[in-house]
>>> print(open('protein.tsv').read())   # TSV, C-alpha atoms
chain	number	residue	atom	x	y	z
A	1	MET	CA	21.82	107.95	59.80
A	2	PHE	CA	22.41	107.11	63.45
A	3	SER	CA	23.38	109.25	66.39
A	4	GLY	CA	24.37	108.14	69.86
A	5	ILE	CA	23.05	104.59	69.50
A	6	SER	CA	24.63	101.85	71.62
A	7	VAL	CA	23.60	98.23	71.22
A	8	CYS	CA	24.98	94.87	72.25
A	9	LEU	CA	25.98	92.11	69.87
A	10	LEU	CA	27.42	89.72	72.44
A	11	PRO	CA	26.89	86.08	71.42
A	12	SER	CA	28.90	84.89	74.40
A	13	ALA	CA	31.74	85.96	76.62
A	14	VAL	CA	34.67	83.57	76.92
A	15	ASP	CA	37.83	84.30	78.89
A	16	LEU	CA	41.20	83.25	77.54
A	17	ASP	CA	41.18	80.23	79.87
A	18	GLY	CA	38.07	78.94	78.05
A	19	THR	CA	35.52	79.47	80.84
A	20	VAL	CA	32.08	80.61	79.79
A	21	GLU	CA	30.15	83.22	81.70
A	22	ALA	CA	26.74	82.27	83.08
A	23	ASP	CA	24.97	85.01	81.10
A	24	TYR	CA	25.75	83.33	77.75
A	25	GLY	CA	23.71	84.86	74.94
A	26	ARG	CA	22.09	87.57	77.06
A	27	PRO	CA	22.27	91.24	76.09
A	28	HIS	CA	25.04	92.96	77.97
A	29	ILE	CA	25.62	96.70	78.38
A	30	GLU	CA	28.92	98.03	79.59
A	31	ARG	CA	29.89	101.60	80.37
A	32	PRO	CA	31.58	103.86	79.58
A	33	LEU	CA	32.29	101.96	76.31
A	34	PRO	CA	29.34	100.43	74.40
A	35	ILE	CA	29.98	97.11	72.76
A	36	LEU	CA	28.85	98.50	69.41
A	37	ARG	CA	29.00	102.17	68.63
A	38	VAL	CA	27.41	103.61	65.47
A	39	GLN	CA	28.51	107.16	64.81
A	40	ALA	CA	26.65	109.63	62.61
A	41	ALA	CA	28.98	110.14	59.67
A	42	CYS	CA	28.93	109.81	55.92
A	43	ASN	CA	30.76	106.50	56.09
A	44	ALA	CA	28.91	105.30	59.23
A	45	THR	CA	31.93	104.28	61.29
A	46	LEU	CA	31.26	101.06	63.17
A	47	GLN	CA	33.41	99.85	66.04
A	48	VAL	CA	33.07	96.71	68.13
A	49	LYS	CA	34.53	96.18	71.57
A	50	VAL	CA	36.88	93.20	71.81
A	51	ILE	CA	34.58	91.45	74.30
A	52	ALA	CA	32.01	91.17	71.50
A	53	LEU	CA	34.20	88.48	69.91
A	54	GLY	CA	34.05	86.53	73.14
A	55	TYR	CA	37.65	87.21	74.28
A	56	ARG	CA	38.75	89.71	76.86
A	57	THR	CA	42.08	91.53	76.59
A	58	PRO	CA	43.97	93.34	79.31
A	59	GLU	CA	43.78	96.55	77.32
A	60	ASN	CA	40.01	96.30	76.70
A	61	GLY	CA	40.86	97.64	73.27
A	62	ILE	CA	38.53	98.58	70.42
A	63	MET	CA	38.56	96.53	67.25
A	64	GLU	CA	37.09	97.69	63.95
A	65	LEU	CA	34.72	95.66	61.81
A	66	HIS	CA	37.29	95.91	59.03
A	67	GLN	CA	39.59	93.74	61.15
A	68	LEU	CA	36.92	91.09	61.46
A	69	ARG	CA	36.25	91.12	57.72
A	70	CYS	CA	39.97	90.64	57.01
A	71	PHE	CA	40.16	87.83	59.59
A	72	ILE	CA	37.18	86.00	58.07
A	73	ALA	CA	38.46	86.43	54.50
A	74	VAL	CA	41.91	85.01	55.36
A	75	ALA	CA	40.28	82.13	57.23
A	76	HIS	CA	38.06	81.41	54.19
A	77	TYR	CA	40.79	81.49	51.54
A	78	GLY	CA	43.73	80.24	53.60
A	79	HIS	CA	45.86	82.78	51.74
A	80	PHE	CA	46.53	86.48	52.36
A	81	THR	CA	46.73	87.44	48.67
A	82	LEU	CA	43.44	85.78	47.73
A	83	ALA	CA	41.74	87.24	50.81
A	84	ALA	CA	43.03	90.70	49.88
A	85	GLN	CA	41.77	90.36	46.32
A	86	SER	CA	38.30	89.43	47.57
A	87	LEU	CA	38.33	92.62	49.67
A	88	HIS	CA	39.76	94.72	46.80
A	89	LEU	CA	42.94	95.35	48.79
A	90	THR	CA	46.57	94.28	48.60
A	91	ALA	CA	48.06	91.59	50.80
A	92	SER	CA	50.25	93.84	52.97
A	93	PRO	CA	47.48	95.90	54.63
A	94	VAL	CA	45.40	92.76	55.19
A	95	SER	CA	48.37	91.08	56.87
A	96	ARG	CA	48.98	94.15	59.06
A	97	THR	CA	45.29	94.29	59.98
A	98	VAL	CA	45.27	90.64	61.07
A	99	ARG	CA	48.48	91.17	63.05
A	100	ALA	CA	46.87	94.13	64.82
A	101	LEU	CA	43.82	92.02	65.65
A	102	GLU	CA	46.02	89.26	67.05
A	103	SER	CA	47.89	91.82	69.14
A	104	GLU	CA	44.66	93.23	70.58
A	105	LEU	CA	43.31	89.77	71.38
A	106	GLY	CA	46.60	88.48	72.72
A	107	VAL	CA	46.38	85.24	70.71
A	108	GLU	CA	47.70	83.92	67.42
A	109	LEU	CA	44.82	83.38	64.99
A	110	PHE	CA	46.79	81.75	62.16
A	111	VAL	CA	49.63	79.34	61.61
A	112	ARG	CA	51.63	80.97	58.82
A	113	ARG	CA	53.15	78.63	56.27
A	114	HIS	CA	55.23	79.43	53.20
A	115	HIS	CA	52.35	79.47	50.67
A	116	SER	CA	49.27	79.36	52.88
A	117	VAL	CA	47.90	79.94	56.36
A	118	GLY	CA	45.72	77.85	58.66
A	119	LEU	CA	43.65	78.65	61.71
A	120	THR	CA	45.03	77.97	65.17
A	121	ASP	CA	42.78	76.48	67.84
A	122	ALA	CA	41.98	80.02	69.03
A	123	GLY	CA	41.26	81.08	65.45
A	124	GLU	CA	38.87	78.16	65.00
A	125	ARG	CA	37.01	79.20	68.16
A	126	LEU	CA	36.78	82.83	67.07
A	127	VAL	CA	35.86	82.64	63.41
A	128	ALA	CA	32.24	81.53	63.92
A	129	LYS	CA	31.70	84.29	66.49
A	130	ALA	CA	33.20	86.87	64.15
A	131	LYS	CA	30.86	85.79	61.35
A	132	SER	CA	27.90	86.02	63.70
A	133	ILE	CA	28.82	89.56	64.75
A	134	LEU	CA	29.22	90.77	61.17
A	135	ALA	CA	25.93	89.16	60.17
A	136	GLN	CA	24.16	91.02	62.99
A	137	VAL	CA	25.80	94.31	62.04
A	138	ASP	CA	24.78	93.84	58.40
A	139	GLU	CA	21.21	93.10	59.51
A	140	LEU	CA	21.25	96.22	61.68
A	141	SER	CA	22.40	98.39	58.79
A	142	ALA	CA	19.80	96.91	56.44
A	143	ALA	CA	17.00	97.36	58.97
A	144	ALA	CA	18.00	100.96	59.61
A	145	ALA	CA	18.10	101.70	55.89
A	146	GLU	CA	14.62	100.26	55.41
A	147	ALA	CA	13.28	102.18	58.41
A	148	THR	CA	14.57	105.51	57.15
A	149	PRO	CA	13.91	105.71	53.39
A	150	ARG	CA	15.35	108.77	51.72
A	151	ALA	CA	13.31	110.56	49.10
A	152	ASP	CA	16.47	112.00	47.58
A	153	GLU	CA	18.14	108.60	47.11
A	154	ILE	CA	18.03	106.03	44.31
A	155	ALA	CA	18.83	102.47	45.40
A	156	LEU	CA	20.81	100.63	42.71
A	157	GLY	CA	21.43	96.89	43.00
A	158	GLY	CA	24.31	94.98	41.49
A	159	THR	CA	26.25	91.71	41.78
A	160	HIS	CA	29.89	91.17	42.66
A	161	MET	CA	30.43	89.60	39.21
A	162	ALA	CA	29.29	92.69	37.28
A	163	PRO	CA	32.20	94.77	35.92
A	164	PRO	CA	32.46	97.99	37.97
A	165	GLY	CA	32.45	100.05	34.79
A	166	ALA	CA	28.89	98.95	34.02
A	167	LEU	CA	27.68	100.12	37.42
A	168	ASP	CA	29.57	103.40	36.93
A	169	GLU	CA	27.81	103.92	33.59
A	170	VAL	CA	24.38	103.40	35.16
A	171	VAL	CA	25.18	105.70	38.10
A	172	GLY	CA	26.21	108.37	35.59
A	173	ARG	CA	22.91	108.05	33.71
A	174	ILE	CA	20.92	108.32	36.94
A	175	GLU	CA	22.83	111.40	38.07
A	176	ALA	CA	22.38	113.03	34.66
A	177	HIS	CA	18.62	112.38	34.73
A	178	LEU	CA	18.16	113.34	38.40
A	179	PRO	CA	20.75	116.00	39.33
A	180	GLY	CA	21.21	116.29	43.06
A	181	ARG	CA	19.95	112.79	43.86
A	182	SER	CA	22.39	110.40	45.49
A	183	VAL	CA	22.80	106.77	44.42
A	184	ARG	CA	23.16	104.00	47.01
A	185	ILE	CA	24.60	100.75	45.65
A	186	THR	CA	23.70	97.39	47.20
A	187	LEU	CA	25.58	94.27	46.06
A	188	ALA	CA	23.89	90.89	46.43
A	189	ASP	CA	23.96	87.45	44.84
A	190	PRO	CA	21.80	87.23	41.71
A	191	SER	CA	18.85	85.44	43.30
A	192	ALA	CA	18.75	87.84	46.26
A	193	LEU	CA	18.94	90.76	43.84
A	194	CYS	CA	15.66	89.73	42.23
A	195	ASP	CA	14.10	89.46	45.70
A	196	LEU	CA	15.26	93.00	46.48
A	197	LEU	CA	13.63	94.25	43.27
A	198	GLU	CA	10.36	92.47	43.97
A	199	ASP	CA	10.22	93.91	47.50
A	200	SER	CA	11.20	97.41	46.25
A	201	ARG	CA	14.25	97.44	48.51
A	202	VAL	CA	16.24	98.51	45.46
A	203	ASP	CA	14.78	100.65	42.68
A	204	ILE	CA	16.70	99.22	39.74
A	205	ALA	CA	19.53	96.72	39.33
A	206	VAL	CA	22.35	95.73	37.02
A	207	ALA	CA	21.90	91.95	36.80
A	208	HIS	CA	22.94	88.94	34.72
A	209	LEU	CA	20.96	87.69	31.76
A	210	PRO	CA	18.82	85.66	31.51
A	211	MET	CA	16.60	87.23	34.17
A	212	ARG	CA	14.15	85.54	36.51
A	213	PRO	CA	10.68	85.31	34.87
A	214	GLY	CA	8.43	88.25	35.71
A	215	MET	CA	11.19	90.86	35.98
A	216	GLY	CA	11.29	93.86	33.68
A	217	PHE	CA	14.68	94.21	31.99
A	218	ARG	CA	16.60	95.66	29.06
A	219	PRO	CA	20.04	94.41	27.85
A	220	LEU	CA	22.89	96.74	28.79
A	221	ALA	CA	26.21	95.17	27.83
A	222	THR	CA	27.67	91.91	26.55
A	223	TYR	CA	31.20	90.69	27.23
A	224	ASP	CA	33.01	87.97	25.30
A	225	LEU	CA	34.67	85.54	27.68
A	226	ARG	CA	38.31	84.53	27.56
A	227	LEU	CA	40.20	81.60	29.04
A	228	ALA	CA	42.33	81.85	32.18
A	229	MET	CA	45.00	79.31	33.08
A	230	ARG	CA	48.30	79.08	34.90
A	231	ALA	CA	51.17	81.00	33.32
A	232	ASP	CA	53.10	77.74	32.85
A	233	ASP	CA	50.21	76.06	30.99
A	234	PRO	CA	51.20	74.83	27.48
A	235	LEU	CA	48.49	77.09	26.00
A	236	ALA	CA	49.47	80.22	27.93
A	237	SER	CA	51.82	81.55	25.25
A	238	ARG	CA	49.20	81.35	22.48
A	239	SER	CA	47.72	84.54	21.04
A	240	LEU	CA	44.42	82.66	20.58
A	241	VAL	CA	43.14	79.34	21.90
A	242	GLY	CA	40.70	77.30	19.82
A	243	TRP	CA	38.21	74.77	21.11
A	244	ASP	CA	40.18	71.97	19.42
A	245	ASP	CA	43.15	72.89	21.61
A	246	LEU	CA	41.07	72.16	24.71
A	247	GLN	CA	39.86	68.66	23.81
A	248	GLY	CA	40.72	66.36	26.71
A	249	ARG	CA	41.45	69.29	29.03
A	250	THR	CA	39.59	69.94	32.31
A	251	MET	CA	37.48	73.09	32.49
A	252	THR	CA	36.97	74.55	35.98
A	253	ILE	CA	33.49	76.05	36.33
A	254	ALA	CA	30.96	76.98	39.00
A	255	THR	CA	28.31	74.36	39.83
A	256	SER	CA	25.12	74.64	37.78
A	257	THR	CA	22.39	76.58	39.58
A	258	PRO	CA	18.78	77.53	38.83
A	259	TYR	CA	19.87	81.17	39.04
A	260	PRO	CA	21.96	82.77	37.71
A	261	SER	CA	21.27	80.50	34.75
A	262	ALA	CA	24.01	82.41	32.88
A	263	LEU	CA	26.44	79.93	34.47
A	264	ASN	CA	24.45	77.04	33.00
A	265	ASP	CA	24.52	78.74	29.59
A	266	ILE	CA	28.32	78.88	29.73
A	267	ARG	CA	28.52	75.16	30.45
A	268	ARG	CA	26.11	74.36	27.61
A	269	HIS	CA	28.30	76.39	25.26
A	270	LEU	CA	31.38	74.42	26.32
A	271	GLU	CA	29.53	71.13	25.84
A	272	ASN	CA	28.30	72.23	22.40
A	273	VAL	CA	31.89	72.74	21.22
A	274	GLY	CA	32.79	69.22	22.34
A	275	LEU	CA	34.27	69.67	25.81
A	276	ARG	CA	33.37	66.95	28.30
A	277	ARG	CA	35.71	67.19	31.29
A	278	PHE	CA	34.57	69.60	34.01
A	279	GLU	CA	35.64	70.27	37.57
A	280	GLU	CA	32.72	71.93	39.36
A	281	ILE	CA	33.29	74.28	42.29
A	282	ASP	CA	30.32	75.05	44.54
A	283	SER	CA	30.97	78.79	44.47
A	284	THR	CA	30.75	81.78	42.13
A	285	ASP	CA	33.65	83.44	43.96
A	286	VAL	CA	36.15	84.26	41.20
A	287	SER	CA	39.10	84.31	43.63
A	288	LEU	CA	38.25	80.81	44.83
A	289	LEU	CA	38.01	79.51	41.24
A	290	ALA	CA	41.33	81.18	40.44
A	291	HIS	CA	42.97	79.59	43.47
A	292	ARG	CA	41.79	76.16	42.33
A	293	ILE	CA	43.44	76.37	38.91
A	294	ARG	CA	46.54	77.91	40.49
A	295	CYS	CA	46.90	74.83	42.71
A	296	ARG	CA	45.65	72.11	40.38
A	297	GLY	CA	45.86	73.47	36.86
A	298	GLY	CA	42.88	73.53	34.51
A	299	VAL	CA	41.21	76.26	32.47
A	300	ILE	CA	38.41	78.63	33.47
A	301	PRO	CA	36.20	80.91	31.32
A	302	THR	CA	36.62	84.49	32.56
A	303	LEU	CA	36.16	88.12	31.71
A	304	ALA	CA	39.27	90.10	30.84
A	305	PRO	CA	41.09	91.43	33.93
A	306	SER	CA	40.79	94.94	32.47
A	307	VAL	CA	37.06	95.07	33.36
A	308	GLY	CA	38.09	95.26	37.02
A	309	GLY	CA	36.23	93.91	40.01
A	310	PRO	CA	36.89	90.26	40.96
A	311	TRP	CA	38.34	89.55	37.51
A	312	LYS	CA	41.48	91.53	38.40
A	313	VAL	CA	42.70	88.44	40.23
A	314	PHE	CA	43.95	87.20	36.84
A	315	GLU	CA	46.36	90.14	36.55
A	316	ASP	CA	48.63	88.14	38.86
A	317	PRO	CA	51.69	86.94	36.86
A	318	ALA	CA	50.86	83.41	37.99
A	319	TYR	CA	48.02	83.43	35.44
A	320	ALA	CA	47.62	83.91	31.71
A	321	VAL	CA	44.38	85.09	30.05
A	322	VAL	CA	44.03	84.22	26.36
A	323	PRO	CA	41.27	85.19	23.86
A	324	ILE	CA	39.18	82.43	22.32
A	325	LYS	CA	39.42	81.57	18.64
A	326	GLY	CA	35.93	81.03	17.26
A	327	SER	CA	32.63	81.40	19.05
A	328	ALA	CA	33.16	82.52	22.63
A	329	PRO	CA	30.63	82.21	25.46
A	330	ARG	CA	29.20	85.56	26.48
A	331	PHE	CA	28.44	87.25	29.76
A	332	ALA	CA	25.42	89.55	29.39
A	333	LEU	CA	24.20	92.27	31.73
A	334	ALA	CA	20.79	93.90	31.86
A	335	LEU	CA	19.09	96.78	33.59
A	336	ALA	CA	16.30	95.21	35.67
A	337	TRP	CA	13.28	96.63	37.50
A	338	ASN	CA	9.97	95.74	39.09
A	339	PRO	CA	7.40	95.86	36.26
A	340	ALA	CA	4.52	96.66	38.63
A	341	ARG	CA	6.28	99.80	39.79
A	342	TYR	CA	7.17	100.71	36.21
A	343	ARG	CA	3.48	100.62	35.27
A	344	ALA	CA	2.28	102.49	38.36
A	345	ASP	CA	4.92	105.24	38.62
A	346	PRO	CA	5.38	107.40	35.49
A	347	ALA	CA	8.39	109.23	36.98
A	348	PHE	CA	10.10	105.94	37.71
A	349	ALA	CA	9.32	104.67	34.19
A	350	THR	CA	10.92	107.81	32.74
A	351	LEU	CA	14.06	107.19	34.83
A	352	VAL	CA	14.29	103.58	33.64
A	353	ASP	CA	13.84	104.62	30.01
A	354	SER	CA	16.67	107.16	30.34
A	355	ILE	CA	19.26	104.57	31.29
A	356	THR	CA	20.93	103.21	28.18
A	357	LEU	CA	24.54	102.64	27.20
A	358	PRO	CA	26.01	103.94	23.92
A	359	ALA	CA	25.70	101.54	21.00
A	360	ASP	CA	29.46	101.11	20.77
A	361	ARG	CA	29.64	100.00	24.43
A	362	THR	CA	26.91	97.32	24.34
A	363	THR	CA	29.18	94.64	22.89
A	364	GLN	CA	32.63	94.45	24.41
A	365	PRO	CA	35.01	91.73	23.17
A	366	LEU	CA	37.54	92.78	25.81
>>> encode(input="protein.tsv", output="structure tokens")
Amino acid sequence: MFSGISVCLLPSAVDLDGTVEADYGRPHIERPLPILRVQAACNATLQVKVIALGYRTPENGIMELHQLRCFIAVAHYGHFTLAAQSLHLTASPVSRTVRALESELGVELFVRRHHSVGLTDAGERLVAKAKSILAQVDELSAAAAEATPRADEIALGGTHMAPPGALDEVVGRIEAHLPGRSVRITLADPSALCDLLEDSRVDIAVAHLPMRPGMGFRPLATYDLRLAMRADDPLASRSLVGWDDLQGRTMTIATSTPYPSALNDIRRHLENVGLRRFEEIDSTDVSLLAHRIRCRGGVIPTLAPSVGGPWKVFEDPAYAVVPIKGSAPRFALALAWNPARYRADPAFATLVDSITLPADRTTQPL
């Protein structure tokens, strides 16, 4: 996609003694090494010079964006295991990556405790800069993708909460209908996903039901939810947990939002079966919700870990996942598209109509 492009993403340049250069915020080009190098390759290797973080090192080494992503994830979760799960990795490589970053920078980024980690003063100073750099790189990638549309590519949108198997199924249907066409997957939060559809930045999407009004959609799959709790919870050894067993217990759930309203539907279901105690977390990050019940107890509605994706966090022996006795809340997915494009483009309409899942896969009480 790119070849020989060098750009600067230097928010500031700060020496280890804390002094700030006079050219704060100005573009800065350095040779022979560019601050950001984008190489033409299938996986679009991106590398950032250490000075881009704002700290110089004697070695003038090269750090990878992967190191920054690991650094930010550990800073966010305060825990290597949870950070690794959010990145779909294990804790050991994330720990090694952070150690390598600290070695290149010549500073300790974290205070390591027995069960958690915290940012050092240097880490606090760096984390905002690291986030800024990654945001600029993501914007660069998105702008380049929009500027160079590929006729042989189908853009498929999805959310981080969708089971990976559902996306795999849809990719398989696209490839069967359009042999030789590649599929590019873009993950976004549910509200942003609808914006991408409306702006035709993705062709179709696997999204949560119910959909935003005005979107074209067709149900794809429905998953019965289970209940996750700590392994030492009194209900953890049950083969089934009924709603009566949960009276007086605290349910940990994401804060109600206009979209995805699926989260609101789950809360309404819990209220309809008589539950009244809720601890709301202002996040849909499954790892963050899991960490909360691990520290404080409680119960959280979840998909089965076997569906993969973020739900695999509950495979950790610290948790137990138990099926629900009686009516369970459901998590529904749909294939979504821009209805104006569907009406105007017969070839696109034919593609959309070809994407269905087998009848025995549309309801999955996992």
>>> atom_distance(input="protein.tsv", atom1="CA of Arg201 (chain A)", atom2="CA of Lys131 (chain A)")
24.0 Å
>>> closest_residue(input="protein.tsv", among="A:Ser237, A:Ser200, A:Ser287, A:Gln247", to="His88 (chain A)", atoms="all atoms listed in the file")
A:Ser287
>>> residues_around(input="protein.tsv", residues="region 263-269 of chain A", least_positions_apart="3", cutoff="10 Å", atoms="only C-alpha atoms", output="count of residues only")
26
>>> closest_residue(input="protein.tsv", among="A:Ile185, A:Leu65, A:Ala228, A:Val107", to="Asp316 (chain A)", atoms="all atoms listed in the file")
A:Ala228
>>> atom_distance(input="protein.tsv", atom1="CA of Thr186 (chain A)", atom2="CA of Leu156 (chain A)")
6.2 Å
>>> axis_aligned_box(input="protein.tsv", around="region 87-92 of chain A", padding_each_side="8 Å", output="JSON")
{"center_x": 44.3, "center_y": 93.5, "center_z": 49.9, "size_x": 27.9, "size_y": 19.8, "size_z": 22.2}
>>> residues_around(input="protein.tsv", residues="Val313 (chain A)", least_positions_apart="6", cutoff="10 Å", atoms="only C-alpha atoms", output="list in words")
Thr81, Leu82, Ala84, Gln85, Ser86, His88, Val286, Ser287, Leu288, Ala290, His291, Pro305 and Tyr319 of chain A
>>> closest_residue(input="protein.tsv", among="A:Val98, A:Leu119, A:Ala334, A:Ala83", to="Ala221 (chain A)", atoms="all atoms listed in the file")
A:Ala334
>>> closest_atom_pairs(input="protein.tsv", of="region 132-205 of chain A", to="region 343-347 of chain A", cutoff="12 Å", atoms="all atoms listed in the file", output="tab-separated table")
residue	atom	partner	partner_atom	distance
A:His177	CA	A:Ala347	CA	10.9
A:Leu178	CA	A:Ala347	CA	10.7
A:Asp203	CA	A:Asp345	CA	11.6
>>> residues_around(input="protein.tsv", residues="Met229 (chain A)", least_positions_apart="5", cutoff="9 Å", atoms="all atoms listed in the file", output="list in words")
Leu235, Ala236, Ala290, Ile293, Arg294, Gly297, Gly298, Val299, Ile300, Phe314, Ala318, Tyr319, Ala320, Val321 and Val322 of chain A
>>> closest_residue(input="protein.tsv", among="A:Leu87, A:Gly309, A:Arg249, A:Ser103", to="Arg69 (chain A)", atoms="all atoms listed in the file")
A:Leu87
>>> residues_around(input="protein.tsv", residues="Leu196 (chain A)", least_positions_apart="4", cutoff="10 Å", atoms="only C-alpha atoms", output="ChimeraX atom specification")
/A:157,186,188,190-192,200-205,337-338
>>> residues_around(input="protein.tsv", residues="Val171 (chain A)", least_positions_apart="4", cutoff="10 Å", atoms="only C-alpha atoms", output="list in words")
Ile154, Leu156, Gly165, Ala166, Leu167, Glu175, Ala176, His177, Ser182, Val183, Arg184, Ile185 and Ile355 of chain A
>>> atom_distance(input="protein.tsv", atom1="CA of Glu271 (chain A)", atom2="CA of Gly326 (chain A)")
14.6 Å
